[in-house]
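In what follows, a structure is listed as structure tokens, so that the remarks can point back to it.
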Amino acid sequence: MALYEHVFLARQDLAQAQVDALAEIATKIVEENEGKVTKVETWGLRSLAYKIAKNRKAHYVMLNIDAPGNVIAELERQTQINEDIIRYMTVKVDELEGGPSVMMRKQERSERGDRGPRGDRGDRGDRGPREDRGDRGPRRDRDETAGE
């Protein structure tokens, strides 16, 4: 069987219980067709880059699936019919990621307040301001060079 990651975006006005029910429906579709859902992650209500069907935010849910291709076709068909799901994407992967996904690790990192080894200075570190410019001397304006 092939391995897939299926992510769907549910409307912003749904309650978390309704989003969990959508994930259960997707899991049921896969399992009824002899597939297996190995992991379900709810990434929460997140802002969208642009409006989709009058929604500025959406509930994100990811499922790791181990199933044949016809199961994915049925899952996507059912997802298209559902009015509560505004977008979805299924990607075939070589192996499923163990543990929390990158999105979940990113949330944990922001909750802890980690800023990396250099603190809140970004990647400039201890360099002074504009050290990358080098020593070029004074800047001449265009008016001074116009007569040359």
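So you can find residues: chains in the structure tokens are A, B, ... in the order shown, residues in each start at 1, and ligands are numbered from 1 in order.
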
Practice task
Give me the residues within 9 Å of stretch 23-29 of chain A as a PyMOL selection string, counting only C-alpha atoms and dropping any in the same chain fewer than 2 places off.
Solution key: chain A and resi 18-21+31-33+35-37+40+42+61-63+65+71+74-75+78-79

Practice task
Rank nothing, just name the residue among A:Leu96, A:Leu9, A:Met104, A:Leu3 nearest to A:Leu48, using only C-alpha atoms.
Solution key: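 Answer, going by the shortest atom-to-atom distance: A:Leu9.
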
Fill in the blank from the handout: re atom CA of A:His6 and atom CA of A:Met89: distance 5.8 Å

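Excluding A:Val93 itself and any same-chain residue fewer than 6 positions from it, the protein and nucleic acid residues within 12 Å of it, counting only C-alpha atoms, are Met1, Ala2, Leu3, Tyr4, Glu5, His6, Asn64, Ile65, Asp66 and Ala67 of chain A.
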